[in-house]
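Printed here is work-v4.txt (compact mmCIF, C-alpha atoms):
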# COMPACT_ATOMS: atom_id res chain seq x y z
CA MET A 1 -11.92 -29.34 -2.79
CA ASN A 2 -12.67 -30.42 -6.36
CA ALA A 3 -12.01 -28.24 -9.40
CA ALA A 4 -15.68 -27.22 -9.69
CA THR A 5 -15.91 -25.89 -6.12
CA PRO A 6 -14.64 -22.35 -5.51
CA GLU A 7 -12.50 -21.62 -2.48
CA THR A 8 -13.99 -20.66 0.87
CA HIS A 9 -13.83 -17.18 2.41
CA ILE A 10 -14.98 -16.33 5.94
CA VAL A 11 -16.59 -12.99 6.81
CA ILE A 12 -16.65 -11.95 10.48
CA LEU A 13 -19.16 -9.26 11.39
CA ALA A 14 -17.55 -7.04 14.04
CA GLY A 15 -19.29 -3.69 13.88
CA GLY A 16 -21.49 -3.79 16.98
CA ARG A 17 -21.16 -1.51 19.98
CA GLY A 18 -22.09 -3.93 22.77
CA THR A 19 -23.93 -1.31 24.83
CA ARG A 20 -25.07 -3.88 27.40
CA PHE A 21 -21.43 -4.27 28.46
CA TRP A 22 -20.99 -0.68 29.54
CA PRO A 23 -18.90 0.57 31.28
CA ARG A 24 -16.23 -1.78 29.90
CA SER A 25 -17.60 -1.55 26.38
CA ARG A 26 -17.13 1.85 24.72
CA THR A 27 -17.40 3.19 21.17
CA ARG A 28 -13.73 2.50 20.43
CA ALA A 29 -13.56 -0.65 22.56
CA PRO A 30 -16.81 -2.57 22.05
CA LYS A 31 -17.60 -6.04 23.36
CA GLN A 32 -15.87 -7.93 20.53
CA LEU A 33 -12.58 -6.12 21.20
CA LEU A 34 -12.59 -6.96 24.92
CA ASN A 35 -11.59 -10.08 26.84
CA ILE A 36 -15.06 -10.57 28.28
CA VAL A 37 -14.55 -14.31 28.81
CA GLY A 38 -10.97 -15.59 28.84
CA LYS A 39 -7.65 -13.86 28.21
CA GLN A 40 -8.19 -13.22 24.49
CA THR A 41 -10.72 -10.78 23.09
CA MET A 42 -13.95 -12.12 21.63
CA LEU A 43 -12.71 -11.25 18.13
CA GLN A 44 -9.41 -13.06 18.65
CA GLN A 45 -11.22 -16.11 20.00
CA THR A 46 -13.46 -16.09 16.92
CA MET A 47 -10.53 -15.88 14.52
CA ASN A 48 -8.56 -18.62 16.29
CA ARG A 49 -11.63 -20.85 16.26
CA LEU A 50 -11.94 -20.40 12.48
CA ALA A 51 -8.25 -20.35 11.51
CA PRO A 52 -8.02 -24.15 10.99
CA LEU A 53 -10.72 -23.89 8.31
CA VAL A 54 -9.09 -21.43 5.89
CA PRO A 55 -5.82 -19.51 5.48
CA LEU A 56 -5.79 -16.10 7.19
CA SER A 57 -5.63 -14.59 3.69
CA ARG A 58 -9.26 -15.69 3.21
CA ILE A 59 -10.65 -14.12 6.38
CA TRP A 60 -12.50 -10.80 6.13
CA VAL A 61 -13.83 -8.55 8.88
CA VAL A 62 -16.53 -5.89 8.56
CA THR A 63 -16.30 -3.27 11.29
CA ASN A 64 -16.66 0.51 11.51
CA ALA A 65 -14.19 3.33 11.00
CA GLU A 66 -13.80 3.98 14.74
CA GLN A 67 -12.76 0.39 15.44
CA MET A 68 -10.79 -0.43 12.28
CA LYS A 69 -7.31 0.26 13.67
CA ALA A 70 -7.97 -1.81 16.81
CA VAL A 71 -9.32 -4.69 14.72
CA ARG A 72 -6.22 -4.70 12.53
CA ARG A 73 -3.97 -4.72 15.60
CA GLN A 74 -5.80 -7.68 17.07
CA LEU A 75 -5.89 -9.78 13.88
CA ARG A 76 -2.23 -10.24 13.02
CA GLY A 77 -1.92 -12.17 9.75
CA VAL A 78 -5.24 -11.07 8.26
CA PRO A 79 -4.52 -8.77 5.29
CA GLY A 80 -5.18 -5.13 6.15
CA ARG A 81 -7.30 -4.71 3.02
CA HIS A 82 -9.60 -7.46 4.34
CA VAL A 83 -10.67 -5.28 7.29
CA LEU A 84 -13.57 -3.34 5.81
CA ALA A 85 -14.81 -0.22 7.57
CA GLU A 86 -18.44 0.89 7.28
CA PRO A 87 -18.74 4.68 7.23
CA ALA A 88 -22.19 4.29 8.82
CA GLY A 89 -24.05 1.40 10.43
CA ARG A 90 -26.62 0.03 7.98
CA ASN A 91 -27.37 -3.39 9.54
CA THR A 92 -26.25 -6.85 8.45
CA ALA A 93 -27.59 -6.95 4.88
CA ALA A 94 -25.41 -3.99 3.87
CA ALA A 95 -22.35 -5.27 5.76
CA ILE A 96 -22.56 -8.71 4.15
CA THR A 97 -23.11 -7.20 0.71
CA LEU A 98 -20.02 -5.02 1.11
CA ALA A 99 -17.93 -8.07 2.01
CA ALA A 100 -19.37 -10.11 -0.86
CA ALA A 101 -18.46 -7.36 -3.33
CA HIS A 102 -14.86 -7.28 -2.08
CA ILE A 103 -14.54 -11.07 -2.21
CA ARG A 104 -15.87 -11.20 -5.77
CA ARG A 105 -13.56 -8.38 -6.83
CA GLU A 106 -10.55 -10.18 -5.36
CA MET A 107 -11.51 -13.48 -6.98
CA ILE A 108 -11.88 -11.76 -10.35
CA SER A 109 -8.51 -10.01 -10.01
CA GLN A 110 -6.92 -13.38 -9.21
CA GLN A 111 -8.80 -15.01 -12.10
CA LYS A 112 -10.37 -17.62 -9.82
CA SER A 113 -13.74 -19.35 -10.30
CA GLY A 114 -15.15 -16.54 -12.42
CA GLY A 115 -15.32 -14.34 -9.33
CA ASP A 116 -17.27 -16.86 -7.26
CA ALA A 117 -16.46 -18.18 -3.77
CA VAL A 118 -18.15 -20.05 -0.94
CA MET A 119 -18.86 -17.52 1.79
CA ALA A 120 -19.36 -18.05 5.52
CA VAL A 121 -20.80 -15.15 7.52
CA LEU A 122 -20.23 -15.37 11.28
CA PRO A 123 -20.50 -13.06 14.33
CA ALA A 124 -17.38 -11.77 16.07
CA ASP A 125 -18.65 -11.87 19.64
CA HIS A 126 -20.10 -15.31 20.38
CA PHE A 127 -18.76 -17.96 22.75
CA ILE A 128 -18.35 -21.58 21.60
CA ALA A 129 -17.45 -24.10 24.29
CA GLN A 130 -16.70 -26.92 21.81
CA PRO A 131 -14.66 -25.40 18.96
CA ALA A 132 -13.64 -28.71 17.34
CA LYS A 133 -17.25 -29.88 17.10
CA TYR A 134 -18.23 -26.42 15.85
CA ARG A 135 -15.65 -26.59 13.04
CA LYS A 136 -16.96 -29.99 12.01
CA ILE A 137 -20.47 -28.58 11.64
CA VAL A 138 -19.19 -25.49 9.83
CA ARG A 139 -17.38 -27.74 7.33
CA ALA A 140 -20.65 -29.58 6.75
CA ALA A 141 -22.45 -26.28 6.18
CA LEU A 142 -19.77 -25.13 3.74
CA GLN A 143 -20.12 -28.38 1.83
CA LEU A 144 -23.85 -27.73 1.47
CA ALA A 145 -23.32 -24.10 0.52
CA ALA A 146 -20.91 -25.03 -2.27
CA ARG A 147 -23.89 -26.17 -4.33
CA PRO A 148 -25.11 -23.40 -6.65
CA GLY A 149 -28.32 -21.88 -5.30
CA ALA A 150 -28.00 -23.42 -1.83
CA LEU A 151 -28.11 -21.50 1.45
CA ALA A 152 -27.27 -23.00 4.84
CA VAL A 153 -27.66 -21.71 8.40
CA LEU A 154 -26.68 -23.03 11.81
CA GLY A 155 -29.35 -23.33 14.49
CA ILE A 156 -28.73 -23.71 18.22
CA PRO A 157 -30.88 -26.28 20.09
CA PRO A 158 -32.73 -24.13 22.65
CA SER A 159 -32.07 -24.74 26.34
CA ARG A 160 -34.94 -22.52 27.52
CA PRO A 161 -37.89 -20.54 26.11
CA GLU A 162 -35.84 -17.47 25.20
CA THR A 163 -37.67 -14.35 23.96
CA GLY A 164 -34.52 -12.49 22.94
CA TYR A 165 -33.62 -14.66 19.93
CA GLY A 166 -35.17 -15.38 16.58
CA TYR A 167 -36.05 -19.02 15.81
CA ILE A 168 -35.78 -21.34 12.82
CA GLU A 169 -38.46 -23.98 12.34
CA CYS A 170 -37.03 -27.26 11.05
CA GLY A 171 -38.82 -29.03 8.23
CA PRO A 172 -38.17 -32.51 6.82
CA ARG A 173 -34.84 -34.19 7.41
CA GLN A 174 -32.45 -33.99 4.45
CA PRO A 175 -29.43 -36.12 3.51
CA ARG A 176 -26.55 -35.67 5.92
CA SER A 177 -23.66 -33.40 5.02
CA ALA A 178 -20.19 -34.56 6.08
CA GLY A 179 -21.95 -36.84 8.57
CA GLU A 180 -23.94 -34.00 10.18
CA PRO A 181 -27.76 -33.97 10.35
CA VAL A 182 -29.49 -31.47 8.06
CA TYR A 183 -33.09 -30.24 7.89
CA ALA A 184 -35.01 -28.06 5.50
CA ALA A 185 -35.54 -24.61 7.02
CA ARG A 186 -39.33 -24.35 7.06
CA ARG A 187 -39.48 -20.74 8.25
CA PHE A 188 -37.72 -18.01 10.19
CA ALA A 189 -39.62 -16.68 13.21
CA GLU A 190 -38.93 -13.33 14.86
CA LYS A 191 -38.35 -12.88 18.60
CA PRO A 192 -41.48 -14.43 20.17
CA SER A 193 -43.57 -13.79 23.24
CA LEU A 194 -42.81 -16.00 26.24
CA ALA A 195 -45.89 -18.14 25.59
CA LYS A 196 -44.91 -18.68 21.98
CA ALA A 197 -41.28 -19.39 22.92
CA ARG A 198 -42.51 -22.08 25.30
CA ARG A 199 -44.51 -23.66 22.48
CA TYR A 200 -41.50 -23.55 20.19
CA VAL A 201 -39.26 -25.31 22.71
CA ALA A 202 -41.91 -27.91 23.61
CA SER A 203 -42.41 -28.80 19.93
CA ARG A 204 -38.71 -29.67 19.47
CA ARG A 205 -38.97 -28.37 15.91
CA TYR A 206 -37.35 -24.98 16.54
CA LEU A 207 -33.73 -23.85 16.85
CA TRP A 208 -32.33 -20.49 17.89
CA ASN A 209 -31.12 -18.37 14.97
CA ALA A 210 -27.50 -17.57 15.85
CA GLY A 211 -26.76 -15.48 12.75
CA MET A 212 -24.39 -17.93 11.05
CA PHE A 213 -24.91 -18.14 7.28
CA PHE A 214 -23.29 -19.95 4.34
CA TRP A 215 -23.71 -19.55 0.56
CA ARG A 216 -21.87 -18.90 -2.67
CA VAL A 217 -21.20 -15.27 -3.51
CA SER A 218 -23.09 -15.85 -6.77
CA THR A 219 -26.08 -17.30 -4.89
CA PHE A 220 -26.09 -14.34 -2.54
CA PHE A 221 -26.08 -11.78 -5.35
CA ASP A 222 -28.79 -13.68 -7.26
CA ASN A 223 -31.08 -13.44 -4.23
CA LEU A 224 -30.06 -9.85 -3.54
CA ALA A 225 -31.10 -8.86 -7.07
CA LYS A 226 -34.51 -10.37 -6.40
CA TYR A 227 -35.23 -9.11 -2.89
CA LEU A 228 -32.97 -6.10 -2.32
CA PRO A 229 -32.28 -4.72 -5.82
CA LYS A 230 -31.49 -1.14 -4.75
CA THR A 231 -28.75 -2.32 -2.38
CA GLN A 232 -27.33 -4.62 -5.04
CA ALA A 233 -27.26 -1.87 -7.67
CA ALA A 234 -25.57 0.55 -5.27
CA ILE A 235 -22.93 -1.95 -4.17
CA LEU A 236 -22.19 -2.95 -7.77
CA GLN A 237 -21.56 0.73 -8.47
CA LEU A 238 -19.23 0.87 -5.47
CA ALA A 239 -17.50 -2.38 -6.52
CA GLY A 240 -16.19 -0.71 -9.66
CA THR A 241 -14.03 1.56 -7.48
CA ILE A 242 -12.52 -1.14 -5.23
CA GLY A 243 -8.73 -0.96 -5.42
CA THR A 244 -8.73 2.57 -6.81
CA ARG A 245 -8.27 6.02 -5.28
CA ARG A 246 -11.97 6.65 -5.81
CA TYR A 247 -13.08 3.91 -3.43
CA GLU A 248 -13.11 5.78 -0.11
CA ALA A 249 -15.06 8.72 -1.48
CA ALA A 250 -17.51 6.39 -3.23
CA LEU A 251 -17.95 4.36 -0.03
CA ARG A 252 -18.74 7.49 2.02
CA ARG A 253 -21.21 8.64 -0.63
CA ILE A 254 -22.99 5.35 -1.37
CA TYR A 255 -22.94 3.25 1.79
CA PRO A 256 -24.99 5.51 4.13
CA LYS A 257 -27.82 5.45 1.55
CA LEU A 258 -28.16 1.64 1.60
CA GLU A 259 -31.31 0.10 3.04
CA ASN A 260 -31.04 -0.37 6.82
CA ILE A 261 -32.26 -3.96 7.16
CA SER A 262 -31.05 -7.25 8.61
CA ILE A 263 -30.13 -10.14 6.35
CA ASP A 264 -32.90 -12.20 7.98
CA TYR A 265 -35.62 -9.74 6.95
CA ALA A 266 -34.01 -8.92 3.61
CA LEU A 267 -33.26 -12.39 2.24
CA LEU A 268 -33.75 -15.40 4.46
CA GLU A 269 -37.38 -14.83 5.36
CA PRO A 270 -38.57 -14.13 1.79
CA VAL A 271 -36.50 -16.97 0.33
CA SER A 272 -37.93 -19.37 2.93
CA ARG A 273 -41.44 -18.51 1.70
CA GLU A 274 -40.61 -19.62 -1.83
CA PRO A 275 -41.89 -23.09 -2.82
CA HIS A 276 -39.04 -25.60 -3.06
CA HIS A 277 -36.48 -23.17 -1.63
CA ALA A 278 -32.93 -24.33 -0.92
CA ILE A 279 -32.30 -23.18 2.66
CA SER A 280 -30.97 -25.89 4.97
CA VAL A 281 -30.41 -25.72 8.72
CA LEU A 282 -27.83 -27.70 10.68
CA PRO A 283 -28.30 -28.12 14.45
CA ALA A 284 -25.19 -26.93 16.29
CA ASP A 285 -25.12 -28.15 19.89
CA VAL A 286 -21.67 -26.69 20.59
CA GLY A 287 -22.00 -24.88 23.91
CA TRP A 288 -23.01 -21.61 22.25
CA SER A 289 -23.70 -18.32 23.97
CA ASP A 290 -24.09 -14.89 22.39
CA ILE A 291 -22.85 -13.45 25.71
CA GLY A 292 -25.51 -10.80 25.38
CA SER A 293 -25.19 -9.26 28.84
CA TRP A 294 -23.21 -9.31 32.08
CA HIS A 295 -25.69 -11.91 33.32
CA SER A 296 -24.59 -14.20 30.46
CA VAL A 297 -20.98 -13.75 31.57
CA TYR A 298 -21.92 -14.79 35.10
CA GLU A 299 -23.69 -17.90 33.79
CA LEU A 300 -20.63 -18.91 31.79
CA LEU A 301 -18.13 -18.37 34.59
CA ALA A 302 -20.06 -19.62 37.63
CA LYS A 303 -19.26 -23.28 38.22
CA SER A 304 -22.10 -23.80 40.68
CA ALA A 305 -25.36 -22.14 41.67
CA GLY A 306 -24.86 -19.12 43.88
CA GLU A 307 -21.12 -18.90 43.34
CA ASN A 308 -19.56 -15.44 43.45
CA VAL A 309 -17.48 -14.64 40.35
CA SER A 310 -14.71 -12.04 40.51
CA ALA A 311 -12.03 -10.72 38.16
CA GLY A 312 -9.62 -10.22 41.08
CA ARG A 313 -9.14 -10.83 44.80
CA PHE A 314 -12.30 -10.65 46.88
CA LEU A 315 -13.95 -11.69 50.13
CA ALA A 316 -17.68 -12.42 50.25
CA ILE A 317 -19.54 -12.74 53.56
CA ASP A 318 -23.18 -13.81 53.45
CA ALA A 319 -23.14 -12.95 49.74
CA ALA A 320 -24.04 -15.17 46.77
CA GLY A 321 -24.56 -15.11 43.01
CA ASN A 322 -22.60 -11.92 42.37
CA LEU A 323 -20.37 -10.90 39.45
CA LEU A 324 -17.68 -8.53 40.74
CA TRP A 325 -15.48 -7.11 37.96
CA SER A 326 -12.67 -5.04 39.45
CA PRO A 327 -9.38 -6.69 38.51
CA LYS A 328 -7.09 -4.09 40.12
CA LYS A 329 -8.91 -3.66 43.43
CA PHE A 330 -9.67 -5.98 46.32
CA VAL A 331 -13.44 -6.34 46.63
CA GLY A 332 -15.23 -6.94 49.91
CA ALA A 333 -18.89 -7.94 49.65
CA ILE A 334 -21.26 -8.35 52.62
CA GLY A 335 -24.91 -9.35 52.51
CA ILE A 336 -25.49 -8.81 48.80
CA ASN A 337 -26.97 -11.30 46.36
CA ASN A 338 -27.28 -11.62 42.58
CA LEU A 339 -25.64 -8.29 41.77
CA ILE A 340 -23.38 -7.19 38.94
CA VAL A 341 -20.64 -4.73 39.91
CA VAL A 342 -18.31 -3.50 37.14
CA ASP A 343 -15.60 -1.02 38.09
CA THR A 344 -13.61 0.99 35.52
CA PRO A 345 -11.37 4.05 36.04
CA ASP A 346 -14.16 6.51 35.21
CA SER A 347 -17.41 4.62 35.86
CA LEU A 348 -19.09 2.13 38.17
CA LEU A 349 -22.02 -0.11 37.23
CA ILE A 350 -24.22 -1.69 39.91
CA CYS A 351 -27.30 -3.63 38.86
CA SER A 352 -29.21 -6.78 39.69
CA ARG A 353 -28.37 -9.74 37.48
CA ASP A 354 -31.97 -10.16 36.33
CA ARG A 355 -31.94 -6.61 34.89
CA ALA A 356 -28.61 -6.82 33.09
CA GLN A 357 -30.35 -6.48 29.70
CA GLU A 358 -31.26 -2.90 30.67
CA VAL A 359 -27.69 -1.60 30.86
CA GLY A 360 -28.15 -0.19 27.37
CA LYS A 361 -30.59 2.33 28.88
CA ILE A 362 -27.68 3.94 30.70
CA VAL A 363 -25.82 4.31 27.42
CA LYS A 364 -28.86 5.93 25.80
CA TRP A 365 -29.11 8.39 28.72
CA LEU A 366 -25.42 9.24 28.42
CA GLU A 367 -25.83 9.80 24.68
CA SER A 368 -28.80 12.10 25.18
CA HIS A 369 -26.94 14.13 27.80
CA GLY A 370 -23.66 14.34 25.90
CA ALA A 371 -21.71 12.65 28.67
CA GLU A 372 -18.09 11.74 27.86
CA LEU A 373 -18.34 8.16 29.11
CA LEU A 374 -18.99 6.41 25.78

Please lay out the structure from this file as structure tokens.
Amino acid sequence: MNAATPETHIVILAGGRGTRFWPRSRTRAPKQLLNIVGKQTMLQQTMNRLAPLVPLSRIWVVTNAEQMKAVRRQLRGVPGRHVLAEPAGRNTAAAITLAAAHIRREMISQQKSGGDAVMAVLPADHFIAQPAKYRKIVRAALQLAARPGALAVLGIPPSRPETGYGYIECGPRQPRSAGEPVYAARRFAEKPSLAKARRYVASRRYLWNAGMFFWRVSTFFDNLAKYLPKTQAAILQLAGTIGTRRYEAALRRIYPKLENISIDYALLEPVSREPHHAISVLPADVGWSDIGSWHSVYELLAKSAGENVSAGRFLAIDAAGNLLWSPKKFVGAIGINNLIVVDTPDSLLICSRDRAQEVGKIVKWLESHGAELL
């Protein structure tokens, strides 16, 4: 890193509830804090994947108050003050702004780069099959983002016409960064209809938006002042209390009033509509999955079509394509196909794999009926 380039900080967003992973996922133990795939939790896998890029002292996590203690326990080596707890969920724009304010405050207190830093914003609960290749692409994105005014995003080459993801349309090819291909981000498209998703994939111009962003803190705040000025003004007011006894009270007073909007809607979409904007997209073919449902888990773990996947001992007779999660019990399955069965001490989920996205409906029902299974 040359003298003109500020140091890199990584922000991991870990505030989600993961309702589609009920009954394993609960309010205090959401998806990112569970070992959904592998022995480590999703959050631990994310941190270990990123640890070669920066010291642990430059990793930040934004979570919520209910999960903060568990996050700190899982992330040994990350400073406790770098685990930021939202007093209320206000979507990704607010969470990222909170982290940016803390990073700038720390850089100022350490008299580094005039308070500036290169900032990577990454999800806590995604699966990456090729971590070394992923880090290489992240380094290329960070190199791009070190330029004042530049914004970079990673896009996943689509493997199917998916309607559950946003898309990024690639524009003209740009000069490579650290040997990686780069394109201008022509526009950000919201979750499409199936017909439109098919057109996107057939055109080969679109990538899935995986929610991985890179920019300078100064670039971020410049754009925030333009497109989300109320949030910026409120966070700057809060920033003056960071490190003081007034911070917690100010956070509880200010944060719930912030605009509830995603960073895509708030900044990336309007910036992409500017003439001569500076958003670049890097294709990241790294074996990515957002592991958005139990069906996604089955797809990751099944080594062949129709295989039964189990967390413990089982016997399947005339049964195929099932995910059987009951690590402490022997499971016997006869004549069932393409089911998800998840057994916990107080709940049992049974659903067809093709309806796994609807598990969140059960959580909504439990919430509305005040059931103590959340």

Env of Val153 in chain A: 6 Å cut, atoms = all atoms listed in the file, seq-sep filter 3 positions within chain, self excluded. Answer as an MDAnalysis selection string. chainID A and resid 212:213 281

In Å, how far is it from CA of Leu34 in chain A to CA of His369 in chain A?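 Result for CA of Leu34 in chain A versus CA of His369 in chain A: 25.7 Å, one decimal.
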
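Nearest to Met107 in chain A of all the residues A:Lys69, A:Arg204, A:Arg198, A:His9 is A:His9, based on only C-alpha atoms.
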
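Nearest residue to Ile103 in chain A among A:His82, A:Arg135, A:Arg199, A:Arg353 is A:His82, counting all atoms listed in the file.
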
- Task: Would you kindly return, as a PyMOL selection string, each protein, DNA or RNA residue with an atom no farther than 9 Å from any atom of Ile261 in chain A, considering only C-alpha atoms and excluding same-chain residues fewer than 3 positions away?
- Result: chain A and resi 90-94+258+264-266

So that I can see what lies close to Leu267 in chain A, please list as a list in words the residues with an atom at most 8 Å from it, counting all atoms listed in the file and leaving out residues fewer than 2 positions away in the same chain.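 Once the adjacent positions are removed, what remains is Asn223, Leu224, Tyr227, Leu228, Ile263, Asp264, Tyr265, Glu269, Pro270 and Val271 of chain A.
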
For Val217 in chain A, the closest of A:Ile317, A:Leu374, A:Val11, A:Ile350 counting only C-alpha atoms is A:Val11

Gap from CA of Ile96 in chain A to CA of Val121 in chain A - Å, one decimal:
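So the answer is 7.5 Å.
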
task: Please identify all polymer residues within 6 Å of Ala14 in chain A, counting all atoms listed in the file, omitting same-chain residues fewer than 4 positions from it, and present them as a PyMOL selection string.
output: chain A and resi 62-63+124

Quick one: everything within 12 Å of Thr27 in chain A, counting all atoms listed in the file, minus sequence neighbours fewer than 3 positions away in the same chain. Send it as a tab-separated table (two decimals) with C-alpha atoms, keeping the file's coordinate frame.
chain	number	residue	atom	x	y	z
A	15	GLY	CA	-19.29	-3.69	13.88
A	16	GLY	CA	-21.49	-3.79	16.98
A	17	ARG	CA	-21.16	-1.51	19.98
A	18	GLY	CA	-22.09	-3.93	22.77
A	19	THR	CA	-23.93	-1.31	24.83
A	21	PHE	CA	-21.43	-4.27	28.46
A	22	TRP	CA	-20.99	-0.68	29.54
A	23	PRO	CA	-18.90	0.57	31.28
A	24	ARG	CA	-16.23	-1.78	29.90
A	30	PRO	CA	-16.81	-2.57	22.05
A	31	LYS	CA	-17.60	-6.04	23.36
A	32	GLN	CA	-15.87	-7.93	20.53
A	33	LEU	CA	-12.58	-6.12	21.20
A	34	LEU	CA	-12.59	-6.96	24.92
A	63	THR	CA	-16.30	-3.27	11.29
A	64	ASN	CA	-16.66	0.51	11.51
A	65	ALA	CA	-14.19	3.33	11.00
A	66	GLU	CA	-13.80	3.98	14.74
A	67	GLN	CA	-12.76	0.39	15.44
A	68	MET	CA	-10.79	-0.43	12.28
A	70	ALA	CA	-7.97	-1.81	16.81
A	363	VAL	CA	-25.82	4.31	27.42
A	367	GLU	CA	-25.83	9.80	24.68
A	372	GLU	CA	-18.09	11.74	27.86
A	373	LEU	CA	-18.34	8.16	29.11
A	374	LEU	CA	-18.99	6.41	25.78

**Study point:** Straight-line distance linking CA of Thr97 in chain A with CA of Leu236 in chain A, stated in Å to one decimal
**Key:**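 Taking CA of Thr97 in chain A as the start and CA of Leu236 in chain A as the end point, the length is 9.5 Å.
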
Sel. within 12 Å of pt (-42.4, -18.9, 23.0), counting all atoms listed in the file, output as a VMD selection string: chain A and resid 158 160 to 167 189 to 204 206 to 208

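If you measure from each of A:His102, A:Lys329, A:Gly321, A:Arg186 to His276 in chain A using all atoms listed in the file, the closest one turns out to be A:Arg186.
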
Of the candidates A:Ala185, A:Ile137, A:Ala100, A:Leu323, which one gets nearest to Arg273 in chain A if we count only C-alpha atoms?
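Among A:Ala185, A:Ile137, A:Ala100, A:Leu323, it is A:Ala185 that comes nearest to Arg273 in chain A.
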
Check: Of the candidates A:Ala152, A:Ala117, A:Ala101, A:Ile334, which one gets nearest to Gly243 in chain A if we count all atoms listed in the file?
Finding: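 Of A:Ala152, A:Ala117, A:Ala101, A:Ile334, the one nearest Gly243 in chain A, counting all atoms listed in the file, is A:Ala101.
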
- Taking (-28.5, -0.6, 29.5) in the file's own coordinates, collect the residues within 12 Å, counting all atoms listed in the file, and hand them back as JSON, numbers by chain. {"A": [18, 19, 20, 21, 22, 23, 25, 292, 293, 294, 349, 350, 351, 352, 355, 356, 357, 358, 359, 360, 361, 362, 363, 364, 365, 366, 367]}

Could those residues be written to a file, using C-alpha atoms, as a PDB file, in the coordinates of the input?
ATOM      1  CA  GLY A  18     -22.090  -3.930  22.770  1.00  0.00           C
ATOM      2  CA  THR A  19     -23.930  -1.310  24.830  1.00  0.00           C
ATOM      3  CA  ARG A  20     -25.070  -3.880  27.400  1.00  0.00           C
ATOM      4  CA  PHE A  21     -21.430  -4.270  28.460  1.00  0.00           C
ATOM      5  CA  TRP A  22     -20.990  -0.680  29.540  1.00  0.00           C
ATOM      6  CA  PRO A  23     -18.900   0.570  31.280  1.00  0.00           C
ATOM      7  CA  SER A  25     -17.600  -1.550  26.380  1.00  0.00           C
ATOM      8  CA  GLY A 292     -25.510 -10.800  25.380  1.00  0.00           C
ATOM      9  CA  SER A 293     -25.190  -9.260  28.840  1.00  0.00           C
ATOM     10  CA  TRP A 294     -23.210  -9.310  32.080  1.00  0.00           C
ATOM     11  CA  LEU A 349     -22.020  -0.110  37.230  1.00  0.00           C
ATOM     12  CA  ILE A 350     -24.220  -1.690  39.910  1.00  0.00           C
ATOM     13  CA  CYS A 351     -27.300  -3.630  38.860  1.00  0.00           C
ATOM     14  CA  SER A 352     -29.210  -6.780  39.690  1.00  0.00           C
ATOM     15  CA  ARG A 355     -31.940  -6.610  34.890  1.00  0.00           C
ATOM     16  CA  ALA A 356     -28.610  -6.820  33.090  1.00  0.00           C
ATOM     17  CA  GLN A 357     -30.350  -6.480  29.700  1.00  0.00           C
ATOM     18  CA  GLU A 358     -31.260  -2.900  30.670  1.00  0.00           C
ATOM     19  CA  VAL A 359     -27.690  -1.600  30.860  1.00  0.00           C
ATOM     20  CA  GLY A 360     -28.150  -0.190  27.370  1.00  0.00           C
ATOM     21  CA  LYS A 361     -30.590   2.330  28.880  1.00  0.00           C
ATOM     22  CA  ILE A 362     -27.680   3.940  30.700  1.00  0.00           C
ATOM     23  CA  VAL A 363     -25.820   4.310  27.420  1.00  0.00           C
ATOM     24  CA  LYS A 364     -28.860   5.930  25.800  1.00  0.00           C
ATOM     25  CA  TRP A 365     -29.110   8.390  28.720  1.00  0.00           C
ATOM     26  CA  LEU A 366     -25.420   9.240  28.420  1.00  0.00           C
ATOM     27  CA  GLU A 367     -25.830   9.800  24.680  1.00  0.00           C
TER      28      GLU A 367
END
